[in-house]
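The structure under discussion appears below in the form of structure tokens.
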Amino acid sequence: MTLEARDVAWRRGEALVVDGVTLRPTPGTTIGLLGPNGSGKSSLLRLLNGAARPSSGVVTLDGAELGSLSRRDVARAVAVVSQHAHTDTDIRVRDVVRLGRIPHRGFLGAAALRDEVAVAAALEHTGLTDKADRLWHTLSGGERQRAHIARALAQEPRELLLDEPTNHLDIRHQLELLSLVSRLPVTSVVALHDLNLAAMFCDEVIVLTRGRAVAGGPPGEVLTAELIARVYGVRAQVRADERGRLTVLFQPGPIDVPVESWGASDGSGSPGR
Amino acid sequence: MSSAARRRGLLGLLLATAGVAAVAFSVAAAITLGPADVSLVNVRDVLLNHVGLADIPVRAVEDAIVWEERLPRALTAAAVGAGLGICGAVLQSLLLNPLADPFVLGISSGASTGAVVIGVFGLGGTALGLSGGAFVGAVLAFGLVILLARLSGGGTDRVILAGVAGTQLFSALTSFAIFAFADSDETRGVMFWLLGSLEGVRWDDVALCAVVVLGGTALCLGYAHALDAFSFGDEVAASLGIAVARLRTVLLVLTAVITATLVSVAGAVGFVGLVLPHAARFLFGPRHARLVPATALIGAVFMVWVDAVSRVAFQPTPLPVGVGTALVGVPAFVLILLRRKRVP
């Protein structure tokens with residue numbers, strides 16, 4: 001048992017931002033959430049960590065509905081690396097990572113040995129051990145992202161939710177970061193824009209359009225030229241090398257399949273149910 | 001516990017002891033300052049007599065000056081400095097805004113309005129007094145600001161905007177009451193009170209402030225880790241298991257109660273709550289387990305000295321202590337800003 005979403009929908013004002021998605025990750029795997037801007041990737045992640053409650057359907061953690069658990073109990077199992085988490089305080093990397101121990105502490109909560117061990121391990125995992133005493137504002141974008149992941153790891157979660165963690169990173173850091181995530185002994189759900197990265201590092205991908213999951217499965221089965229054309233409205237070639245590794249090549253020019261043939265029941269942008 | 005953690009704990013204990021000693025020394029030294037000559041030895045004798053540890057002959061006049069006048073005043077100053085400092089530190093972390101201070105929630109201007117209404121119209125007569133009026137005004141203003149913030153969505157920026165609106169509204173009401181209804185004597189009295197003054201505080205003021213500030217400090221210390229979790233904003237705090245909305249309500253009410261109590265005793269002493277948390281952060285880092293006590297101790301020492309100096313600098317005319325805090329505080333603040341200057 002683990003974190004699961006069953007047929008969740010989330011209505012935000014007039015818009016249905018998540019529309020009947022089911023997600024049942026196999027423990028230990030890395031799941032990619034794909035889809036164009038506004039397709040509901042971030043919203044789905046918010047439902048999964050309990051930051052928002054679904055309008056219908058349920059998210060469960062070990063069989064218990066997320067809303068019935070305390071924030072702390074959720075935080076002991078599920079860690080989140082969100083976009084745009086910035087601070088102006090003069091905080092050191094080690095103290096950022098220490099934040100991850102908060103759900104494991106009590107009201108007064110002195111730092112126990114176990115906390116220090118978890119913090120050290122998280123720093124080691126993310127290659128930040130020798131940068132532990134650096135101040136936040138002196139870090140590069142990649143180091144900040146790694147510090148956030150280290151903070152999430154210090155939480156000792158079973159589930160790790162990441163919202164576009166490779167944003168603003170150069171290609172080497174993108175590769176390093178995702179290979180780190182896919183090696184971690186936790187179940188990870190990662191919202192991604194880059195299809196090649198998804199193909200490279202995810203065990204399974206789920207493709208969202210307008211809040212709906214329109215495809216799901218191993219990247220080799222899901223990521224086809226036809227799907228990319230339909231979901232993203234771009235022309236692409238998908239090649240597999242002899243070891244089955246995918247490469248997606250994009251091409252300029254019009255596509256030969258109608259865009260949005262899924263998801264949209266009318267042209268107004270508010271899909272009916 | 002690892003040896004590093006134990007070393008940190010020991011260092012913290014040492015610093016805390018040094019801080020408490022600094023407050024005690026400041027209070028004792030401040031008592032010696034003033035038109036009537038009192039030496040540190042006199043102060044010690046009077047204190048020992050009153051605690052019941054000794055029976056040293058002291059002149060009655062010195063005993064009265066130390067025990068009835070300067071000691072309660074210095075202790076109240078310490079409590080006010082510590083309390084306003086802590087409120088500032090908590091609000092800056094909670095609202096993710098380095099400009100937040102205890103008065104950002106409209107509390108001081110609400111207190112002013114309350115005091116002016118009592119001072120000018122004499123509502124409630126002597127039973128309520130300026131202090132009571134100030135407390136009621138502060139609480140009403142805070143309630144209005146929180147209601148406004150709730151109605152407009154409840155985020156941190158909403159709280160601050162609602163606080164600005166509340167502050168402006170109550171400042172306008174205060175000015176209106178003064179200009180429309182007060183004569184010049186009343187105006188002077190109220191203005192002096194508004195700028196902050198510890199004239200004539202008594203032992204029951206000391207007790208009230210001490211209880212509120214010590215209790216408040218203990219609670220804030222208990223929430224130190226939760227406050228740390230706000231460093232990266234609400235979303236990260238929530239993902240770390242903090243019940244964000246509930247904790248924010250609890251801490252806002254706590255800071256409002258502390259501030260309203262202190263303002264009702266000492267008037268609207270500005271700048272302490274804004275500047276001292278920054279000084280403490282600069283010296284001891286952003287972790288609240290250390291920041292909260294550090295701010296309290298620095299605030300206490302700062303306020304005792306500023307009050308003592310405002311008392312004697314232009315004697316026999318006392319300077320409102322709020323003027324003193326700003327005159328000393330602004331240069332200190334600028335110094336910190338310059339030291340923290342960094343490449344963007």
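If you're wondering about the labels, chains in the structure tokens are A, B, ... by order shown, residues count from 1 in each chain, ligands from 1 in order shown.
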Item to complete: Report as a ChimeraX atom specification the set of chain B residues whose atoms approach chain A to within 12 Å, with distances computed over only C-alpha atoms.
Response: /B:1-6,8-9,92-93,96-98,218-246,278,281-289,340,342-344
Practice prompt. Going by DSSP on the backbone, which bits of segment 71-267 of chain A are alpha helix (DSSP H)? Write them as number ranges by chain, please.
Written response: A: 71-77, 93-98, 113-125, 141-154, 171-183, 195-201, 219-222, 225-232
Keeping C-alpha atoms, export the residues of the selection given above as a compact mmCIF listing (two decimals), in the first residue's frame.
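Final file, part.txt:
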# COMPACT_ATOMS: atom_id res chain seq x y z
CA ARG A 71 -0.63 17.26 8.27
CA ARG A 72 2.23 15.85 10.31
CA ASP A 73 1.39 12.23 9.58
CA VAL A 74 1.23 13.05 5.88
CA ALA A 75 4.54 14.92 6.07
CA ARG A 76 6.23 11.88 7.60
CA ALA A 77 5.41 9.85 4.49
CA VAL A 93 22.27 24.72 3.52
CA ARG A 94 22.48 22.47 6.57
CA ASP A 95 19.64 24.37 8.24
CA VAL A 96 17.52 24.15 5.08
CA VAL A 97 18.01 20.38 5.10
CA ARG A 98 17.24 20.30 8.84
CA LEU A 113 21.01 11.80 16.90
CA ARG A 114 18.65 10.33 14.34
CA ASP A 115 17.98 13.81 12.97
CA GLU A 116 21.68 14.50 12.50
CA VAL A 117 22.13 11.14 10.76
CA ALA A 118 19.23 11.79 8.38
CA VAL A 119 20.54 15.29 7.59
CA ALA A 120 24.05 14.00 6.91
CA ALA A 121 22.70 11.23 4.68
CA ALA A 122 20.54 13.66 2.71
CA LEU A 123 23.49 16.02 2.20
CA GLU A 124 25.63 13.09 1.06
CA HIS A 125 22.99 11.79 -1.35
CA GLY A 141 20.02 27.42 -9.20
CA GLY A 142 21.09 23.79 -9.40
CA GLU A 143 22.47 23.81 -5.87
CA ARG A 144 19.25 25.35 -4.55
CA GLN A 145 17.19 22.68 -6.25
CA ARG A 146 19.46 20.01 -4.82
CA ALA A 147 19.16 21.58 -1.37
CA HIS A 148 15.36 21.35 -1.64
CA ILE A 149 15.65 17.69 -2.61
CA ALA A 150 18.02 17.09 0.31
CA ARG A 151 15.46 18.78 2.60
CA ALA A 152 12.79 16.46 1.22
CA LEU A 153 15.05 13.41 1.69
CA ALA A 154 15.75 14.39 5.31
CA ILE A 171 21.48 20.24 -19.20
CA ARG A 172 24.14 18.61 -17.04
CA HIS A 173 22.30 19.49 -13.84
CA GLN A 174 19.03 18.29 -15.36
CA LEU A 175 20.56 14.90 -16.04
CA GLU A 176 22.27 14.72 -12.66
CA LEU A 177 19.15 15.68 -10.78
CA LEU A 178 16.82 13.23 -12.48
CA SER A 179 19.29 10.39 -12.27
CA LEU A 180 19.51 11.14 -8.54
CA VAL A 181 15.71 11.07 -8.23
CA SER A 182 15.36 7.83 -10.17
CA ARG A 183 18.05 6.15 -8.05
CA LEU A 195 9.83 14.34 -22.98
CA ASN A 196 13.36 13.07 -23.55
CA LEU A 197 14.15 13.34 -19.85
CA ALA A 198 10.89 11.59 -19.06
CA ALA A 199 11.75 8.79 -21.48
CA MET A 200 15.22 8.49 -19.98
CA PHE A 201 14.41 8.42 -16.26
CA PRO A 219 7.42 5.67 -21.87
CA GLY A 220 8.20 3.31 -24.77
CA GLU A 221 4.52 2.53 -25.18
CA VAL A 222 3.04 5.94 -24.40
CA ALA A 225 4.49 10.69 -32.55
CA GLU A 226 0.72 10.52 -32.72
CA LEU A 227 0.22 11.17 -29.01
CA ILE A 228 2.68 14.04 -29.01
CA ALA A 229 0.88 15.59 -31.95
CA ARG A 230 -2.49 15.27 -30.29
CA VAL A 231 -1.49 16.43 -26.82
CA TYR A 232 1.12 19.08 -27.55
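Across the model, the gap from atom CA of Gly324 of chain B to atom CA of Leu276 of chain B is 14.3 Å.
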Just list as a PDB file with N, CA, C and O atoms, in the first residue's frame whatever in segment 38-102 of chain A DSSP marks as strand (DSSP E).
ATOM      1  N   SER A  56     -14.046  15.577  -5.936  1.00  0.00           N
ATOM      2  CA  SER A  56     -14.598  14.229  -5.871  1.00  0.00           C
ATOM      3  C   SER A  56     -13.458  13.237  -6.026  1.00  0.00           C
ATOM      4  O   SER A  56     -12.361  13.604  -6.438  1.00  0.00           O
ATOM      5  N   GLY A  57     -13.713  11.986  -5.688  1.00  0.00           N
ATOM      6  CA  GLY A  57     -12.640  11.001  -5.677  1.00  0.00           C
ATOM      7  C   GLY A  57     -11.856  11.104  -4.381  1.00  0.00           C
ATOM      8  O   GLY A  57     -12.074  12.018  -3.584  1.00  0.00           O
ATOM      9  N   VAL A  58     -10.898  10.172  -4.162  1.00  0.00           N
ATOM     10  CA  VAL A  58     -10.110  10.225  -2.931  1.00  0.00           C
ATOM     11  C   VAL A  58      -8.634  10.014  -3.209  1.00  0.00           C
ATOM     12  O   VAL A  58      -8.253   9.338  -4.156  1.00  0.00           O
ATOM     13  N   VAL A  59      -7.806  10.647  -2.356  1.00  0.00           N
ATOM     14  CA  VAL A  59      -6.386  10.337  -2.305  1.00  0.00           C
ATOM     15  C   VAL A  59      -6.171   9.587  -1.006  1.00  0.00           C
ATOM     16  O   VAL A  59      -6.610  10.047   0.057  1.00  0.00           O
ATOM     17  N   THR A  60      -5.539   8.436  -1.067  1.00  0.00           N
ATOM     18  CA  THR A  60      -5.322   7.665   0.155  1.00  0.00           C
ATOM     19  C   THR A  60      -3.846   7.418   0.380  1.00  0.00           C
ATOM     20  O   THR A  60      -3.062   7.309  -0.565  1.00  0.00           O
ATOM     21  N   LEU A  61      -3.475   7.355   1.665  1.00  0.00           N
ATOM     22  CA  LEU A  61      -2.128   6.990   2.059  1.00  0.00           C
ATOM     23  C   LEU A  61      -2.256   5.737   2.912  1.00  0.00           C
ATOM     24  O   LEU A  61      -2.878   5.781   3.972  1.00  0.00           O
ATOM     25  N   ALA A  64      -5.771   5.038   4.088  1.00  0.00           N
ATOM     26  CA  ALA A  64      -6.527   6.056   4.825  1.00  0.00           C
ATOM     27  C   ALA A  64      -6.660   7.308   3.986  1.00  0.00           C
ATOM     28  O   ALA A  64      -5.690   7.735   3.350  1.00  0.00           O
ATOM     29  N   GLU A  65      -7.838   7.901   3.997  1.00  0.00           N
ATOM     30  CA  GLU A  65      -8.046   9.106   3.201  1.00  0.00           C
ATOM     31  C   GLU A  65      -7.153  10.230   3.738  1.00  0.00           C
ATOM     32  O   GLU A  65      -7.041  10.427   4.950  1.00  0.00           O
ATOM     33  N   VAL A  78       5.140  11.720   2.963  1.00  0.00           N
ATOM     34  CA  VAL A  78       5.156  12.357   1.648  1.00  0.00           C
ATOM     35  C   VAL A  78       5.958  13.651   1.720  1.00  0.00           C
ATOM     36  O   VAL A  78       5.656  14.527   2.524  1.00  0.00           O
ATOM     37  N   ALA A  79       6.986  13.776   0.876  1.00  0.00           N
ATOM     38  CA  ALA A  79       7.759  15.019   0.826  1.00  0.00           C
ATOM     39  C   ALA A  79       7.543  15.691  -0.517  1.00  0.00           C
ATOM     40  O   ALA A  79       7.305  15.019  -1.522  1.00  0.00           O
ATOM     41  N   VAL A  80       7.607  17.017  -0.534  1.00  0.00           N
ATOM     42  CA  VAL A  80       7.291  17.778  -1.731  1.00  0.00           C
ATOM     43  C   VAL A  80       8.441  18.711  -2.082  1.00  0.00           C
ATOM     44  O   VAL A  80       8.998  19.370  -1.198  1.00  0.00           O
ATOM     45  N   VAL A  81       8.803  18.755  -3.348  1.00  0.00           N
ATOM     46  CA  VAL A  81       9.718  19.784  -3.834  1.00  0.00           C
ATOM     47  C   VAL A  81       8.929  20.608  -4.835  1.00  0.00           C
ATOM     48  O   VAL A  81       8.639  20.153  -5.940  1.00  0.00           O
TER      49      VAL A  81
END
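From atom CA of Val304 of chain B back to atom CA of Thr261 of chain B, the distance works out to 18.0 Å.
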Practice prompt. With a distance cut-off of 10 Å and only C-alpha atoms, select the neighbouring residues of segment 46-61 of chain B, excluding the residue or stretch itself and same-chain residues fewer than 4 positions from it, and output the selection as a ChimeraX atom specification.
Written response: /B:28,36,40-42,65-67,71
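Relative to atom CA of Gly83 of chain B, atom CA of Pro318 of chain B is found at 23.1 Å.
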Please, which residues in segment 4-114 of chain B fall within 7 Å of segment 170-191 of chain B when counting only C-alpha atoms, and what is the closest atom pair and distance in Å to one decimal for each, ordered by chain then residue number, as CSV?
residue,atom,partner,partner_atom,distance
B:Ser109,CA,B:Phe170,CA,5.3
B:Gly110,CA,B:Phe170,CA,5.6
B:Ser112,CA,B:Thr174,CA,6.5
B:Thr113,CA,B:Thr174,CA,4.8
Worksheet item: Counting only C-alpha atoms, what is within 9 Å of Ala141 of chain B, bar same-chain residues fewer than 2 positions away, as a ChimeraX atom specification?
Response: /B:105-111,136-139,143-146,163,166-167,170
Saved selection, atoms kept: N, CA and C atoms, as a tab-separated table (two decimals), in the first residue's frame:
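And here's result_35.tsv as it stands now:
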chain	number	residue	atom	x	y	z
B	105	LEU	N	-0.20	45.28	12.32
B	105	LEU	CA	-1.57	44.79	12.34
B	105	LEU	C	-2.55	45.86	12.85
B	106	GLY	N	-2.14	47.11	12.84
B	106	GLY	CA	-3.03	48.18	13.25
B	106	GLY	C	-3.15	48.32	14.75
B	107	ILE	N	-2.30	47.58	15.49
B	107	ILE	CA	-2.48	47.54	16.94
B	107	ILE	C	-2.16	48.87	17.60
B	108	SER	N	-1.05	49.50	17.18
B	108	SER	CA	-0.67	50.73	17.87
B	108	SER	C	-1.66	51.86	17.57
B	109	SER	N	-2.10	51.95	16.31
B	109	SER	CA	-3.03	53.04	16.03
B	109	SER	C	-4.38	52.78	16.66
B	110	GLY	N	-4.76	51.50	16.77
B	110	GLY	CA	-5.99	51.19	17.50
B	110	GLY	C	-5.87	51.59	18.95
B	111	ALA	N	-4.69	51.30	19.53
B	111	ALA	CA	-4.45	51.68	20.92
B	111	ALA	C	-4.52	53.20	21.09
B	136	VAL	N	-8.37	48.16	24.85
B	136	VAL	CA	-9.60	47.88	24.11
B	136	VAL	C	-9.46	48.30	22.65
B	137	GLY	N	-8.89	49.49	22.43
B	137	GLY	CA	-8.70	49.97	21.05
B	137	GLY	C	-7.81	49.03	20.24
B	138	ALA	N	-6.73	48.57	20.89
B	138	ALA	CA	-5.79	47.68	20.20
B	138	ALA	C	-6.47	46.38	19.78
B	139	VAL	N	-7.25	45.82	20.70
B	139	VAL	CA	-7.90	44.55	20.40
B	139	VAL	C	-8.95	44.72	19.30
B	143	GLY	N	-8.90	42.92	15.68
B	143	GLY	CA	-10.04	42.13	15.22
B	143	GLY	C	-10.50	42.58	13.84
B	144	LEU	N	-10.59	43.89	13.66
B	144	LEU	CA	-11.04	44.42	12.38
B	144	LEU	C	-10.07	44.03	11.26
B	145	VAL	N	-8.76	44.16	11.54
B	145	VAL	CA	-7.75	43.84	10.53
B	145	VAL	C	-7.83	42.36	10.13
B	146	ILE	N	-7.96	41.49	11.12
B	146	ILE	CA	-8.03	40.06	10.82
B	146	ILE	C	-9.29	39.72	10.03
B	163	GLY	N	-3.69	45.28	7.46
B	163	GLY	CA	-3.05	45.98	8.56
B	163	GLY	C	-2.75	47.43	8.21
B	166	GLY	N	-6.03	49.27	8.25
B	166	GLY	CA	-6.46	49.49	9.63
B	166	GLY	C	-5.66	50.59	10.30
B	167	THR	N	-4.34	50.56	10.08
B	167	THR	CA	-3.47	51.57	10.68
B	167	THR	C	-3.87	52.97	10.23
B	170	PHE	N	-7.31	54.06	11.78
B	170	PHE	CA	-7.30	54.44	13.19
B	170	PHE	C	-6.43	55.67	13.44
